[in-house]
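Okay, model.json now, which holds JSON, C-alpha atoms and all ligand atoms:
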```
[["chain", "number", "residue", "atom", "x", "y", "z"],
["A", 1, "MET", "CA", 184.93, 182.65, 107.35],
["A", 2, "LYS", "CA", 185.37, 186.39, 107.81],
["A", 3, "LEU", "CA", 185.22, 187.53, 111.44],
["A", 4, "PRO", "CA", 182.71, 190.28, 112.28],
["A", 5, "ASP", "CA", 184.41, 193.68, 112.47],
["A", 6, "VAL", "CA", 183.87, 194.00, 116.25],
["A", 7, "LEU", "CA", 186.12, 190.96, 116.86],
["A", 8, "ILE", "CA", 189.05, 192.27, 114.82],
["A", 9, "PRO", "CA", 191.46, 194.13, 117.14],
["A", 10, "PRO", "CA", 192.54, 197.58, 115.95],
["A", 11, "PRO", "CA", 196.12, 197.79, 114.60],
["A", 12, "LEU", "CA", 198.74, 198.39, 117.30],
["A", 13, "LYS", "CA", 199.90, 201.99, 117.71],
["A", 14, "LYS", "CA", 203.54, 202.75, 117.07],
["A", 15, "PRO", "CA", 205.33, 203.17, 120.41],
["A", 16, "HIS", "CA", 206.39, 206.67, 121.43],
["A", 17, "LYS", "CA", 209.92, 207.45, 120.26],
["A", 18, "PRO", "CA", 211.78, 209.52, 122.87],
["A", 19, "GLY", "CA", 212.58, 213.04, 121.69],
["A", 20, "THR", "CA", 209.71, 213.20, 119.17],
["A", 21, "ASP", "CA", 206.33, 214.89, 119.58],
["A", 22, "ASN", "CA", 204.62, 211.52, 119.91],
["A", 23, "GLY", "CA", 203.07, 211.48, 116.42],
["A", 24, "ARG", "CA", 201.23, 214.77, 116.87],
["A", 25, "ASN", "CA", 203.40, 216.43, 114.17],
["A", 26, "GLY", "CA", 203.39, 219.73, 115.97],
["A", 27, "ALA", "CA", 199.58, 219.84, 116.28],
["A", 28, "ASP", "CA", 199.81, 220.73, 119.99],
["A", 29, "PRO", "CA", 202.54, 223.23, 120.80],
["A", 30, "LEU", "CA", 202.13, 222.46, 124.54],
["A", 31, "ALA", "CA", 202.84, 218.75, 124.00],
["A", 32, "PRO", "CA", 206.46, 218.88, 125.26],
["A", 33, "VAL", "CA", 205.27, 220.65, 128.44],
["A", 34, "LYS", "CA", 202.48, 218.12, 128.99],
["A", 35, "ASP", "CA", 204.88, 215.22, 128.47],
["A", 36, "ALA", "CA", 207.52, 216.74, 130.76],
["A", 37, "PRO", "CA", 206.48, 214.95, 134.01],
["A", 38, "ALA", "CA", 206.33, 211.55, 132.28],
["A", 39, "ASP", "CA", 209.63, 212.25, 130.51],
["A", 40, "LEU", "CA", 211.26, 213.19, 133.81],
["A", 41, "VAL", "CA", 210.01, 210.01, 135.48],
["A", 42, "GLY", "CA", 211.27, 208.00, 132.48],
["A", 43, "TRP", "CA", 214.66, 209.75, 132.66],
["A", 44, "LEU", "CA", 215.02, 208.97, 136.36],
["A", 45, "ASP", "CA", 213.80, 205.40, 135.93],
["A", 46, "GLU", "CA", 216.30, 204.64, 133.14],
["A", 47, "ARG", "CA", 219.10, 205.71, 135.46],
["A", 48, "THR", "CA", 217.92, 204.29, 138.82],
["A", 49, "GLY", "CA", 215.44, 201.48, 138.14],
["A", 50, "GLY", "CA", 213.35, 203.16, 140.85],
["A", 51, "ALA", "CA", 210.04, 202.68, 139.04],
["A", 52, "SER", "CA", 210.27, 198.90, 139.18],
["A", 53, "PHE", "CA", 210.94, 199.13, 142.93],
["A", 54, "LEU", "CA", 207.94, 201.44, 143.39],
["A", 55, "THR", "CA", 205.73, 199.26, 141.20],
["A", 56, "GLY", "CA", 206.81, 196.19, 143.18],
["A", 57, "MET", "CA", 205.99, 197.97, 146.42],
["A", 58, "LEU", "CA", 202.67, 199.58, 145.42],
["A", 59, "TYR", "CA", 201.27, 196.67, 143.39],
["A", 60, "ARG", "CA", 202.49, 193.83, 145.62],
["A", 61, "LYS", "CA", 200.00, 191.07, 146.30],
["A", 62, "VAL", "CA", 198.33, 191.14, 149.71],
["A", 63, "PRO", "CA", 196.60, 188.16, 151.34],
["A", 64, "LYS", "CA", 192.85, 187.64, 151.17],
["A", 65, "GLY", "CA", 191.06, 189.20, 154.13],
["A", 66, "THR", "CA", 193.41, 192.22, 154.35],
["A", 67, "ASN", "CA", 191.41, 194.88, 156.18],
["A", 68, "TRP", "CA", 191.58, 198.36, 157.73],
["A", 69, "PHE", "CA", 193.75, 197.12, 160.61],
["A", 70, "TYR", "CA", 196.56, 196.68, 158.06],
["A", 71, "THR", "CA", 196.66, 200.46, 157.55],
["A", 72, "LEU", "CA", 197.92, 201.11, 161.10],
["A", 73, "GLY", "CA", 201.57, 200.67, 160.07],
["A", 74, "SER", "CA", 201.23, 203.24, 157.27],
["A", 75, "ALA", "CA", 199.32, 205.53, 159.67],
["A", 76, "THR", "CA", 202.26, 205.32, 162.10],
["A", 77, "LEU", "CA", 204.60, 206.14, 159.22],
["A", 78, "PHE", "CA", 202.45, 209.15, 158.31],
["A", 79, "ALA", "CA", 202.52, 210.36, 161.93],
["A", 80, "PHE", "CA", 206.32, 210.07, 161.91],
["A", 81, "VAL", "CA", 206.57, 212.10, 158.67],
["A", 82, "VAL", "CA", 204.35, 214.82, 160.23],
["A", 83, "GLN", "CA", 206.60, 214.89, 163.32],
["A", 84, "ALA", "CA", 209.74, 215.13, 161.20],
["A", 85, "THR", "CA", 208.29, 217.93, 159.04],
["A", 86, "THR", "CA", 206.89, 220.05, 161.90],
["A", 87, "GLY", "CA", 210.10, 219.39, 163.89],
["A", 88, "VAL", "CA", 212.21, 220.96, 161.12],
["A", 89, "PHE", "CA", 210.18, 224.19, 161.37],
["A", 90, "LEU", "CA", 210.35, 224.23, 165.18],
["A", 91, "ALA", "CA", 214.14, 223.78, 165.00],
["A", 92, "MET", "CA", 214.38, 226.99, 162.93],
["A", 93, "TYR", "CA", 213.36, 228.99, 166.03],
["A", 94, "TYR", "CA", 214.41, 226.82, 168.97],
["A", 95, "ASP", "CA", 217.51, 227.68, 170.97],
["A", 96, "PRO", "CA", 218.78, 224.74, 173.09],
["A", 97, "SER", "CA", 220.69, 226.84, 175.64],
["A", 98, "PRO", "CA", 219.30, 226.63, 179.22],
["A", 99, "THR", "CA", 219.00, 230.42, 179.42],
["A", 100, "GLN", "CA", 217.29, 230.90, 176.02],
["A", 101, "ALA", "CA", 215.22, 227.74, 175.47],
["A", 102, "TYR", "CA", 212.07, 228.85, 177.32],
["A", 103, "ALA", "CA", 212.14, 232.32, 175.72],
["A", 104, "SER", "CA", 212.65, 230.87, 172.23],
["A", 105, "VAL", "CA", 209.62, 228.59, 172.64],
["A", 106, "THR", "CA", 207.51, 231.50, 173.96],
["A", 107, "HIS", "CA", 208.60, 233.64, 171.01],
["A", 108, "LEU", "CA", 207.78, 230.83, 168.57],
["A", 109, "THR", "CA", 204.33, 230.36, 170.14],
["A", 110, "ASN", "CA", 203.33, 234.02, 170.47],
["A", 111, "ASP", "CA", 205.08, 235.91, 167.67],
["A", 112, "VAL", "CA", 205.94, 233.58, 164.79],
["A", 113, "PHE", "CA", 203.39, 233.16, 161.95],
["A", 114, "LEU", "CA", 201.60, 229.79, 162.50],
["A", 115, "GLY", "CA", 204.13, 229.02, 165.26],
["A", 116, "GLU", "CA", 201.52, 227.95, 167.80],
["A", 117, "PHE", "CA", 199.79, 225.80, 165.17],
["A", 118, "VAL", "CA", 202.98, 223.97, 164.14],
["A", 119, "ARG", "CA", 204.00, 223.52, 167.78],
["A", 120, "GLY", "CA", 200.53, 222.15, 168.58],
["A", 121, "MET", "CA", 200.76, 219.73, 165.65],
["A", 122, "HIS", "CA", 204.13, 218.48, 166.91],
["A", 123, "LYS", "CA", 202.92, 218.16, 170.50],
["A", 124, "TRP", "CA", 199.65, 216.38, 169.74],
["A", 125, "GLY", "CA", 201.25, 214.45, 166.87],
["A", 126, "ALA", "CA", 203.64, 212.86, 169.40],
["A", 127, "SER", "CA", 200.70, 211.36, 171.31],
["A", 128, "VAL", "CA", 199.03, 210.30, 168.04],
["A", 129, "MET", "CA", 202.19, 208.47, 166.93],
["A", 130, "ILE", "CA", 202.50, 206.65, 170.28],
["A", 131, "ILE", "CA", 198.84, 205.57, 170.16],
["A", 132, "LEU", "CA", 199.17, 204.40, 166.54],
["A", 133, "ILE", "CA", 202.40, 202.48, 167.11],
["A", 134, "TYR", "CA", 200.77, 200.57, 170.02],
["A", 135, "LEU", "CA", 197.67, 199.81, 167.92],
["A", 136, "HIS", "CA", 199.90, 198.62, 165.04],
["A", 137, "MET", "CA", 201.88, 196.41, 167.42],
["A", 138, "ALA", "CA", 198.63, 194.99, 168.83],
["A", 139, "ARG", "CA", 197.43, 194.21, 165.28],
["A", 140, "THR", "CA", 200.64, 192.38, 164.34],
["A", 141, "PHE", "CA", 200.58, 190.50, 167.67],
["A", 142, "ILE", "CA", 196.93, 189.46, 167.49],
["A", 143, "PHE", "CA", 197.31, 188.39, 163.83],
["A", 144, "GLY", "CA", 200.40, 186.32, 164.74],
["A", 145, "ALA", "CA", 202.61, 188.35, 162.37],
["A", 146, "TYR", "CA", 205.59, 188.02, 164.77],
["A", 147, "LYS", "CA", 205.98, 184.30, 163.91],
["A", 148, "TYR", "CA", 208.38, 182.72, 161.40],
["A", 149, "PRO", "CA", 209.63, 184.17, 159.06],
["A", 150, "ARG", "CA", 208.87, 187.65, 160.46],
["A", 151, "GLU", "CA", 210.67, 187.47, 163.84],
["A", 152, "LEU", "CA", 213.33, 189.93, 162.71],
["A", 153, "ASN", "CA", 210.67, 192.44, 161.66],
["A", 154, "TRP", "CA", 209.06, 192.10, 165.09],
["A", 155, "ILE", "CA", 212.46, 192.76, 166.75],
["A", 156, "ILE", "CA", 212.98, 195.82, 164.52],
["A", 157, "GLY", "CA", 209.45, 196.90, 165.50],
["A", 158, "VAL", "CA", 210.22, 196.61, 169.23],
["A", 159, "THR", "CA", 213.34, 198.74, 168.69],
["A", 160, "LEU", "CA", 211.20, 201.31, 166.83],
["A", 161, "LEU", "CA", 208.77, 201.34, 169.75],
["A", 162, "ILE", "CA", 211.59, 202.00, 172.26],
["A", 163, "LEU", "CA", 213.06, 204.73, 170.01],
["A", 164, "THR", "CA", 209.63, 206.37, 169.64],
["A", 165, "MET", "CA", 209.27, 206.49, 173.42],
["A", 166, "ILE", "CA", 212.78, 207.96, 173.72],
["A", 167, "MET", "CA", 211.59, 210.69, 171.30],
["A", 168, "GLY", "CA", 208.69, 211.46, 173.65],
["A", 169, "PHE", "CA", 210.96, 211.48, 176.71],
["A", 170, "THR", "CA", 213.70, 213.70, 175.22],
["A", 171, "GLY", "CA", 211.20, 216.05, 173.55],
["A", 172, "TYR", "CA", 209.37, 216.68, 176.83],
["A", 173, "LEU", "CA", 212.35, 218.57, 178.33],
["A", 174, "LEU", "CA", 212.78, 220.95, 175.40],
["A", 175, "PRO", "CA", 210.17, 223.67, 176.31],
["A", 176, "PHE", "CA", 212.22, 223.95, 179.53],
["A", 177, "ASP", "CA", 209.40, 225.12, 181.79],
["A", 178, "GLN", "CA", 208.98, 223.98, 185.41],
["A", 179, "ARG", "CA", 206.85, 220.99, 184.47],
["A", 180, "SER", "CA", 209.13, 219.67, 181.74],
["A", 181, "PHE", "CA", 212.24, 220.18, 183.90],
["A", 182, "TRP", "CA", 210.93, 218.36, 186.98],
["A", 183, "ALA", "CA", 209.24, 215.60, 184.99],
["A", 184, "THR", "CA", 212.59, 214.93, 183.31],
["A", 185, "VAL", "CA", 214.38, 214.89, 186.68],
["A", 186, "VAL", "CA", 211.94, 212.18, 187.79],
["A", 187, "GLY", "CA", 212.33, 210.26, 184.48],
["A", 188, "VAL", "CA", 216.13, 210.32, 184.60],
["A", 189, "ASN", "CA", 216.07, 209.16, 188.26],
["A", 190, "ILE", "CA", 213.80, 206.27, 187.32],
["A", 191, "ASN", "CA", 216.28, 205.32, 184.56],
["A", 192, "GLY", "CA", 219.03, 205.37, 187.18],
["A", 193, "THR", "CA", 217.31, 202.64, 189.19],
["A", 194, "GLY", "CA", 217.59, 200.16, 186.30],
["A", 195, "PRO", "CA", 219.88, 197.15, 186.86],
["A", 196, "PHE", "CA", 223.57, 197.34, 185.80],
["A", 197, "ILE", "CA", 223.37, 200.04, 183.12],
["A", 198, "GLY", "CA", 220.83, 202.28, 184.96],
["A", 199, "PRO", "CA", 223.32, 204.62, 186.71],
["A", 200, "TYR", "CA", 225.46, 204.92, 183.54],
["A", 201, "LEU", "CA", 222.36, 205.69, 181.50],
["A", 202, "SER", "CA", 221.24, 208.50, 183.78],
["A", 203, "ASP", "CA", 224.79, 209.95, 183.88],
["A", 204, "PHE", "CA", 224.81, 209.85, 180.08],
["A", 205, "LEU", "CA", 221.41, 211.58, 179.85],
["A", 206, "ARG", "CA", 222.37, 214.31, 182.36],
["A", 207, "ALA", "CA", 225.82, 214.73, 180.77],
["A", 208, "GLY", "CA", 227.19, 214.35, 184.31],
["A", 209, "ALA", "CA", 226.24, 213.37, 187.85],
["A", 210, "GLU", "CA", 223.81, 216.31, 188.20],
["A", 211, "PHE", "CA", 221.63, 218.34, 185.82],
["A", 212, "ASN", "CA", 223.87, 221.00, 184.29],
["A", 213, "ALA", "CA", 224.23, 223.38, 181.35],
["A", 214, "ALA", "CA", 225.11, 220.50, 178.98],
["A", 215, "THR", "CA", 221.96, 218.47, 179.78],
["A", 216, "LEU", "CA", 219.52, 220.37, 177.56],
["A", 217, "PRO", "CA", 221.77, 220.41, 174.44],
["A", 218, "ARG", "CA", 222.31, 216.68, 174.98],
["A", 219, "PHE", "CA", 218.57, 215.98, 175.06],
["A", 220, "TYR", "CA", 218.16, 218.18, 171.97],
["A", 221, "ALA", "CA", 220.88, 216.33, 170.03],
["A", 222, "ILE", "CA", 219.37, 212.96, 170.96],
["A", 223, "HIS", "CA", 215.87, 214.21, 170.09],
["A", 224, "MET", "CA", 216.59, 215.73, 166.71],
["A", 225, "LEU", "CA", 219.64, 213.92, 165.35],
["A", 226, "LEU", "CA", 220.48, 210.60, 166.96],
["A", 227, "VAL", "CA", 217.08, 208.96, 167.41],
["A", 228, "PRO", "CA", 215.34, 210.24, 164.22],
["A", 229, "GLY", "CA", 218.34, 208.98, 162.20],
["A", 230, "LEU", "CA", 218.00, 205.54, 163.78],
["A", 231, "ILE", "CA", 214.21, 205.55, 163.29],
["A", 232, "ILE", "CA", 214.54, 206.41, 159.57],
["A", 233, "ALA", "CA", 217.11, 203.65, 159.02],
["A", 234, "LEU", "CA", 215.00, 201.09, 160.91],
["A", 235, "ILE", "CA", 211.75, 202.07, 159.14],
["A", 236, "GLY", "CA", 213.64, 201.45, 155.85],
["A", 237, "ALA", "CA", 214.64, 197.95, 157.02],
["A", 238, "HIS", "CA", 211.12, 197.32, 158.39],
["A", 239, "LEU", "CA", 209.43, 198.21, 155.09],
["A", 240, "TYR", "CA", 212.01, 196.28, 153.07],
["A", 241, "LEU", "CA", 211.09, 193.15, 155.06],
["A", 242, "VAL", "CA", 207.35, 193.87, 154.73],
["A", 243, "VAL", "CA", 207.70, 193.97, 150.92],
["A", 244, "LYS", "CA", 210.07, 191.00, 150.80],
["A", 245, "LEU", "CA", 208.07, 188.70, 153.10],
["A", 246, "GLY", "CA", 204.56, 189.99, 152.36],
["A", 247, "THR", "CA", 202.00, 190.50, 155.10],
["A", 248, "THR", "CA", 200.35, 187.82, 157.22],
["A", 249, "ALA", "CA", 196.80, 186.72, 156.42],
["A", 250, "PRO", "CA", 194.22, 187.21, 159.19],
["A", 251, "PRO", "CA", 194.34, 184.22, 161.60],
["A", 252, "TRP", "CA", 190.77, 183.17, 160.79],
["A", 253, "LEU", "CA", 191.86, 182.49, 157.20],
["A", 254, "HIS", "CA", 194.82, 180.25, 158.12],
["A", 255, "PRO", "CA", 194.28, 176.69, 156.87],
["A", 256, "LYS", "CA", 193.32, 174.35, 159.69],
["A", 257, "ARG", "CA", 196.12, 171.96, 160.68],
["A", 258, "THR", "CA", 195.03, 168.57, 161.84],
["A", 259, "LYS", "CA", 197.27, 166.24, 163.86],
["A", 260, "THR", "CA", 197.77, 163.95, 160.86],
["A", 261, "THR", "CA", 198.96, 166.66, 158.47],
["A", 262, "VAL", "CA", 201.44, 167.95, 161.06],
["A", 263, "ARG", "CA", 202.80, 164.42, 161.58],
["A", 264, "GLU", "CA", 203.02, 163.85, 157.81],
["A", 265, "GLU", "CA", 204.94, 167.13, 157.42],
["A", 266, "ARG", "CA", 207.41, 166.10, 160.14],
["A", 267, "VAL", "CA", 208.06, 162.77, 158.41],
["A", 301, "LIG", "C1", 207.80, 203.83, 163.50],
["A", 301, "LIG", "C2", 207.12, 202.76, 163.75],
["A", 301, "LIG", "C3", 206.57, 201.77, 162.74],
["A", 301, "LIG", "C4", 206.24, 201.96, 161.42],
["A", 301, "LIG", "C5", 206.34, 203.24, 160.60],
["A", 301, "LIG", "C6", 205.77, 200.67, 160.92],
["A", 301, "LIG", "C7", 205.30, 200.46, 159.62],
["A", 301, "LIG", "C8", 204.80, 199.25, 159.17],
["A", 301, "LIG", "C9", 204.09, 199.06, 157.92],
["A", 301, "LIG", "C10", 203.76, 200.17, 156.91],
["A", 301, "LIG", "C11", 203.78, 197.74, 157.81],
["A", 301, "LIG", "C12", 202.99, 197.04, 156.67],
["A", 301, "LIG", "C13", 201.49, 197.27, 156.84],
["A", 301, "LIG", "C14", 200.91, 196.77, 158.17],
["A", 301, "LIG", "O1", 200.95, 195.57, 158.43],
["A", 301, "LIG", "O2", 200.44, 197.64, 158.93],
["A", 301, "LIG", "C15", 204.32, 197.08, 158.98],
["A", 301, "LIG", "C16", 204.28, 195.72, 159.23],
["A", 301, "LIG", "C17", 204.75, 195.09, 160.37],
["A", 301, "LIG", "N1", 205.16, 195.71, 161.53],
["A", 301, "LIG", "FE1", 205.48, 197.72, 161.73],
["A", 301, "LIG", "N2", 205.84, 199.74, 161.93],
["A", 301, "LIG", "C18", 206.30, 200.36, 163.06],
["A", 301, "LIG", "C19", 206.45, 199.80, 164.32],
["A", 301, "LIG", "C20", 206.25, 198.45, 164.61],
["A", 301, "LIG", "C21", 206.25, 197.87, 165.93],
["A", 301, "LIG", "C22", 206.41, 198.65, 167.24],
["A", 301, "LIG", "C23", 206.08, 196.51, 165.78],
["A", 301, "LIG", "C24", 206.03, 195.43, 166.82],
["A", 301, "LIG", "C25", 206.72, 195.39, 167.92],
["A", 301, "LIG", "C26", 205.96, 196.24, 164.35],
["A", 301, "LIG", "C27", 205.84, 195.00, 163.78],
["A", 301, "LIG", "C28", 205.47, 194.76, 162.48],
["A", 301, "LIG", "C29", 205.30, 193.44, 161.89],
["A", 301, "LIG", "C30", 205.56, 192.09, 162.58],
["A", 301, "LIG", "C31", 204.85, 193.66, 160.57],
["A", 301, "LIG", "C32", 204.49, 192.57, 159.54],
["A", 301, "LIG", "C33", 202.98, 192.49, 159.51],
["A", 301, "LIG", "C34", 202.46, 191.30, 158.74],
["A", 301, "LIG", "O3", 203.24, 190.46, 158.29],
["A", 301, "LIG", "O4", 201.23, 191.21, 158.62],
["A", 301, "LIG", "N3", 206.04, 197.45, 163.67],
["A", 301, "LIG", "N4", 204.91, 198.02, 159.80]]
```
Please, can you express the file's structure as structure tokens?
Ligand code: HEM
Amino acid sequence: MKLPDVLIPPPLKKPHKPGTDNGRNGADPLAPVKDAPADLVGWLDERTGGASFLTGMLYRKVPKGTNWFYTLGSATLFAFVVQATTGVFLAMYYDPSPTQAYASVTHLTNDVFLGEFVRGMHKWGASVMIILIYLHMARTFIFGAYKYPRELNWIIGVTLLILTMIMGFTGYLLPFDQRSFWATVVGVNINGTGPFIGPYLSDFLRAGAEFNAATLPRFYAIHMLLVPGLIIALIGAHLYLVVKLGTTAPPWLHPKRTKTTVREERV
């Protein structure tokens, strides 16, 4: 019996041969320009295999019940990227010497094009990132995502939280006005009261037994080189584990365990 025409699939198209005009036979002179982005992605993919990694990451399966609370991690990541980007522009004008720091920040705020805006973004963005990181931690805690096999990702997360707070602490001194100076004196003294390592920690932060000319450059180096480097590396490890282990389903969707099934599993 002959099948009706609608059920017969059309013949397969010949695949695109690299370096040709994709069967258009020169009909569209702009074809090479239009294909350029796809060609570039193909070129990179052939040499790095990056596309399969990206596809794996973007199209990975997520558990049923995934909801808006699962976006808090990505929101924290976005806040970090904003801080890193605005920080680069602030660093172009900032001078970390105790005699010039305050004047360089005033100049940036009052005279530089969009300076006040970028500084405001960085200042408010710091609070946004801290709020988001706490909300993200609360989500993973409440959903039980710290349990096996994700303990290591929780530990990496705690380290990220501490590093983010160090960013806030070291960044606060940089405007070098009265408030930031005295608040940092208090903060460093509080650090000094910690058990065992406390006094060493405050000596390290001050670059000596008292605040001195080397303190501000030290805070600046920690704020813009040491800690961001660590955060970037740890976010990489954190996301690698998220993709590898998948995310945790909401607790209300976990299958109920009865006493008998647990005992059977143990046996
Ligand atoms: C710079 C800071 C951080 C960034 C950029 C970040 C990013 C992310 C992202 C994008 C995810 C996957 C999506 C999601 O579940 O929201 C995730 C998952 C996770 N994060 Fe974070 N995170 C950070 C800090 C933390 C902190 C402070 C903790 C806890 C102390 C934490 C613990 C976890 C855990 C346990 C998961 C797995 C969630 C699951 O299996 O459902 N993260 N993180």
For ligand LIG 301 (chain A), the nearest of the candidates A:Gly236, A:Gly187, A:Gly73, A:Pro4, counting only C-alpha atoms and all ligand atoms =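 Answer, going by the shortest atom-to-atom distance: A:Gly73.
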Given only C-alpha atoms and all ligand atoms as the counted atoms, nearest of A:Tyr240, A:Tyr59, A:Trp252, A:Trp182 to ligand LIG 301 (chain A) |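 Comparing A:Tyr240, A:Tyr59, A:Trp252, A:Trp182 against ligand LIG 301 (chain A), the winner is A:Tyr240.
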Rounded to one decimal in Å, what is the spacing between CA of Trp43 (chain A) and CA of Pro29 (chain A)?
->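 Taking CA of Trp43 (chain A) and CA of Pro29 (chain A), their separation equals 21.7 Å.
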Excluding region 62-67 of chain A and residues on its chain fewer than 3 positions from it, collect all residues at most 12 Å away from it, counting all atoms listed in the file, and give them as an MDAnalysis selection string.
-> chainID A and resid 56:59 70:72 139 143 242:254
Those residues you just picked out, can you put them in a file as a short mmCIF file (atom, residue, chain, number, x, y, z; two decimals), keeping the file's coordinate frame with C-alpha atoms?
```cif
data_model
loop_
_atom_site.label_atom_id
_atom_site.label_comp_id
_atom_site.auth_asym_id
_atom_site.auth_seq_id
_atom_site.Cartn_x
_atom_site.Cartn_y
_atom_site.Cartn_z
CA GLY A 56 206.81 196.19 143.18
CA MET A 57 205.99 197.97 146.42
CA LEU A 58 202.67 199.58 145.42
CA TYR A 59 201.27 196.67 143.39
CA TYR A 70 196.56 196.68 158.06
CA THR A 71 196.66 200.46 157.55
CA LEU A 72 197.92 201.11 161.10
CA ARG A 139 197.43 194.21 165.28
CA PHE A 143 197.31 188.39 163.83
CA VAL A 242 207.35 193.87 154.73
CA VAL A 243 207.70 193.97 150.92
CA LYS A 244 210.07 191.00 150.80
CA LEU A 245 208.07 188.70 153.10
CA GLY A 246 204.56 189.99 152.36
CA THR A 247 202.00 190.50 155.10
CA THR A 248 200.35 187.82 157.22
CA ALA A 249 196.80 186.72 156.42
CA PRO A 250 194.22 187.21 159.19
CA PRO A 251 194.34 184.22 161.60
CA TRP A 252 190.77 183.17 160.79
CA LEU A 253 191.86 182.49 157.20
CA HIS A 254 194.82 180.25 158.12
#
```
Closest of A:Met121, A:Leu174, A:Val82, A:Ile190 to ligand LIG 301 (chain A) - atom-to-atom distances counting only C-alpha atoms and all ligand atoms = A:Val82
Determine, counting only C-alpha atoms, every residue of protein, DNA or RNA that lies within 8 Å of (218.2, 205.7, 188.2) in the file coordinates, then give the result as a PyMOL selection string.
-> chain A and resi 188-194+198-199+201-202
Could you check which of A:Leu12, A:Met165, A:Val105, A:Ala145 is closest to Ile133 (chain A), using all atoms listed in the file?
-> A:Met165
Just how far from CA of Ile166 (chain A) is CA of Gln100 (chain A), in Å to one decimal?
-> 23.5 Å
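The shortest atom-to-atom distance to ligand LIG 301 (chain A), with all atoms listed in the file taken into account, belongs to A:Arg60 out of A:Lys2, A:Arg47, A:Lys123, A:Arg60.
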Of the listed residues A:Ala79, A:Ala237, A:Ala209, A:Ala126, that which approaches Ile155 (chain A) most closely, counting all atoms listed in the file |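 Residue with the minimum atom-to-atom distance to Ile155 (chain A): A:Ala237.
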Tell me, in Å to one decimal, how far CA of Leu77 (chain A) is from CA of Leu108 (chain A).
->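 Distance reported for this atom pair: 26.6 Å.
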Need to verify the contact set: Thr170 (chain A), 12 Å, all atoms listed in the file, exclusion of same-chain residues closer than 2 positions in sequence. Can you return it as a compact mmCIF listing (two decimals) with C-alpha atoms, in the frame of the given file?
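Output file result_2.txt is given in full below:
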```
# COMPACT_ATOMS: atom_id res chain seq x y z
CA ALA A 126 203.64 212.86 169.40
CA LEU A 163 213.06 204.73 170.01
CA THR A 164 209.63 206.37 169.64
CA MET A 165 209.27 206.49 173.42
CA ILE A 166 212.78 207.96 173.72
CA MET A 167 211.59 210.69 171.30
CA GLY A 168 208.69 211.46 173.65
CA TYR A 172 209.37 216.68 176.83
CA LEU A 173 212.35 218.57 178.33
CA LEU A 174 212.78 220.95 175.40
CA PRO A 175 210.17 223.67 176.31
CA PHE A 176 212.22 223.95 179.53
CA SER A 180 209.13 219.67 181.74
CA PHE A 181 212.24 220.18 183.90
CA ALA A 183 209.24 215.60 184.99
CA THR A 184 212.59 214.93 183.31
CA VAL A 185 214.38 214.89 186.68
CA GLY A 187 212.33 210.26 184.48
CA VAL A 188 216.13 210.32 184.60
CA LEU A 205 221.41 211.58 179.85
CA ARG A 206 222.37 214.31 182.36
CA THR A 215 221.96 218.47 179.78
CA LEU A 216 219.52 220.37 177.56
CA PRO A 217 221.77 220.41 174.44
CA ARG A 218 222.31 216.68 174.98
CA PHE A 219 218.57 215.98 175.06
CA TYR A 220 218.16 218.18 171.97
CA ALA A 221 220.88 216.33 170.03
CA ILE A 222 219.37 212.96 170.96
CA HIS A 223 215.87 214.21 170.09
CA MET A 224 216.59 215.73 166.71
CA LEU A 225 219.64 213.92 165.35
CA LEU A 226 220.48 210.60 166.96
CA VAL A 227 217.08 208.96 167.41
CA PRO A 228 215.34 210.24 164.22
```
So which residues touch region 87-92 of chain A within 8 Å, counting all atoms listed in the file, skipping near sequence neighbours fewer than 2 positions away, as a PyMOL selection string?
-> chain A and resi 83-85+94-95+108+115+118-119+122+224
Take region 140-168 of chain A from the block and save it with C-alpha atoms, as a PDB file, in the first residue's frame.
```
ATOM      1  CA  THR A 140      21.151  24.711  50.315  1.00  0.00           C
ATOM      2  CA  PHE A 141      20.880  24.169  54.089  1.00  0.00           C
ATOM      3  CA  ILE A 142      17.075  24.035  54.202  1.00  0.00           C
ATOM      4  CA  PHE A 143      16.962  21.715  51.159  1.00  0.00           C
ATOM      5  CA  GLY A 144      19.538  19.409  52.801  1.00  0.00           C
ATOM      6  CA  ALA A 145      22.006  19.900  49.919  1.00  0.00           C
ATOM      7  CA  TYR A 146      24.970  19.711  52.345  1.00  0.00           C
ATOM      8  CA  LYS A 147      24.434  15.948  52.851  1.00  0.00           C
ATOM      9  CA  TYR A 148      26.236  13.073  51.111  1.00  0.00           C
ATOM     10  CA  PRO A 149      27.638  13.286  48.438  1.00  0.00           C
ATOM     11  CA  ARG A 150      27.797  17.107  48.515  1.00  0.00           C
ATOM     12  CA  GLU A 151      29.716  17.678  51.774  1.00  0.00           C
ATOM     13  CA  LEU A 152      32.796  18.889  49.917  1.00  0.00           C
ATOM     14  CA  ASN A 153      30.729  21.441  47.994  1.00  0.00           C
ATOM     15  CA  TRP A 154      29.315  22.697  51.295  1.00  0.00           C
ATOM     16  CA  ILE A 155      32.872  23.059  52.695  1.00  0.00           C
ATOM     17  CA  ILE A 156      33.945  24.933  49.542  1.00  0.00           C
ATOM     18  CA  GLY A 157      30.831  27.102  50.006  1.00  0.00           C
ATOM     19  CA  VAL A 158      31.749  27.941  53.617  1.00  0.00           C
ATOM     20  CA  THR A 159      35.234  28.941  52.433  1.00  0.00           C
ATOM     21  CA  LEU A 160      33.637  31.138  49.746  1.00  0.00           C
ATOM     22  CA  LEU A 161      31.468  32.762  52.416  1.00  0.00           C
ATOM     23  CA  ILE A 162      34.522  33.548  54.601  1.00  0.00           C
ATOM     24  CA  LEU A 163      36.433  34.900  51.573  1.00  0.00           C
ATOM     25  CA  THR A 164      33.465  37.080  50.581  1.00  0.00           C
ATOM     26  CA  MET A 165      33.383  38.578  54.070  1.00  0.00           C
ATOM     27  CA  ILE A 166      37.157  39.177  53.909  1.00  0.00           C
ATOM     28  CA  MET A 167      36.473  41.104  50.668  1.00  0.00           C
ATOM     29  CA  GLY A 168      33.989  43.310  52.528  1.00  0.00           C
TER      30      GLY A 168
END
```
